[in-house]
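Presented below is the structure to which this report refers.
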Amino acid sequence: MKTGLLFSFFLFPFFNSFFVKNNVEDYKIDTHSEANVSVVILGNVQDAGFPHIGCNKSCCKNKFKSDSQNEKVVSLGIIDQSSGKRYLIEATPDITQQIKLLKNTEPQNSKELPDGIFITHAHIGHYSGLMYLGREGMNSKETKVYLMPFFKSFIENNGPWNQLVKIGNIVLNELQDEKEIALSESLKVKPVLVPHRDEYSETVGFIISGKNKSILFIPDIDKWNKWDHDIIDLIQKVDYAFIDGTFYDANELPGRSMEEIPHPFIKESMELFKTLTAEQKSKIHFIHLNHTNPALDPKTKESKLILKKGFNVARMGMRFEL
């Protein structure tokens, strides 16, 4: 893989960016932060990544030919400077590079693995990275994994995942719906159940709270009107919202029933949120973008329209202080 190509990301007043080279060892990260807790976007793409397996469309064709592989599957990194600990949200297929990125946010801390991994649900892009903690990979020692009860039972009773538990690569920590856990005096995480395709586990979003600000993270949900929570009310209560933006509209997958993979289209969400104030709209960052989603490319008319309407798209490297 070639090195030396430097990619910069959009700068906004409320976050620090880092710069990415193709070689993960060359990633340059702005480690300065005045806050005790900060959150970094380590991935913004849907489960199967970008480029997408078997895709011959224009969205992926050039990507397969390129040395640039900067987009990663959806993930957040949490840096808690008050406790000296780091946490990963989601164990994606890109976990190898993502944990290195997270480590590089705090170079003085030599620990390779995060102090805990929170997982929203058992779809491939969100938990399959756990395999790299096993014997064939890191062979980690008692890495804490936080997940819901049905999900915990699935891991404990199905291979190859249960081997990770049996030989002590991971230790499962059970979460409860809307029960907040305090990781330190400065950092709290609360899971919130959301409706989604729950073949092997529940699906949750997370509310991540620092001393001063909070983040809502919901990468997957079927539709906002299927939820027993008011998404508008939640957005108004937090400072940032990273929410499901898998598809821009219904035209992205011709020939395939969108009922099989229900998500709120970005166009639908923007219509739902159109009455919010400019300040409230600016909190919203669409994340978990499918490879067909034109919002993945910041130069498209769709990306520009999202910004024009007052919303944002989560991009690799964005850093938010809590």
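Ordered as shown in the structure tokens, chains take letters A, B, and onward, while each chain numbers its residues from 1 and ligands are numbered from 1 in the order shown.
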Problem set entry | Residues near stretch 202-210 of chain A, cut-off 6 Å, only C-alpha atoms, skip fewer than 2 positions along chain, as a PyMOL selection string | chain A and resi 37+120-121+186-194+198+212-218+322
For this session: Please report, as number ranges by chain, each residue of stretch 63-198 of chain A to which DSSP assigns strand (DSSP E) when run on this structure's backbone.
Result: A: 75-80, 85-89, 116-118, 143-147, 170-174, 181-182, 188-193
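The space separating atom CA of A:Trp227 from atom CA of A:Ser201 comes to 17.0 Å.
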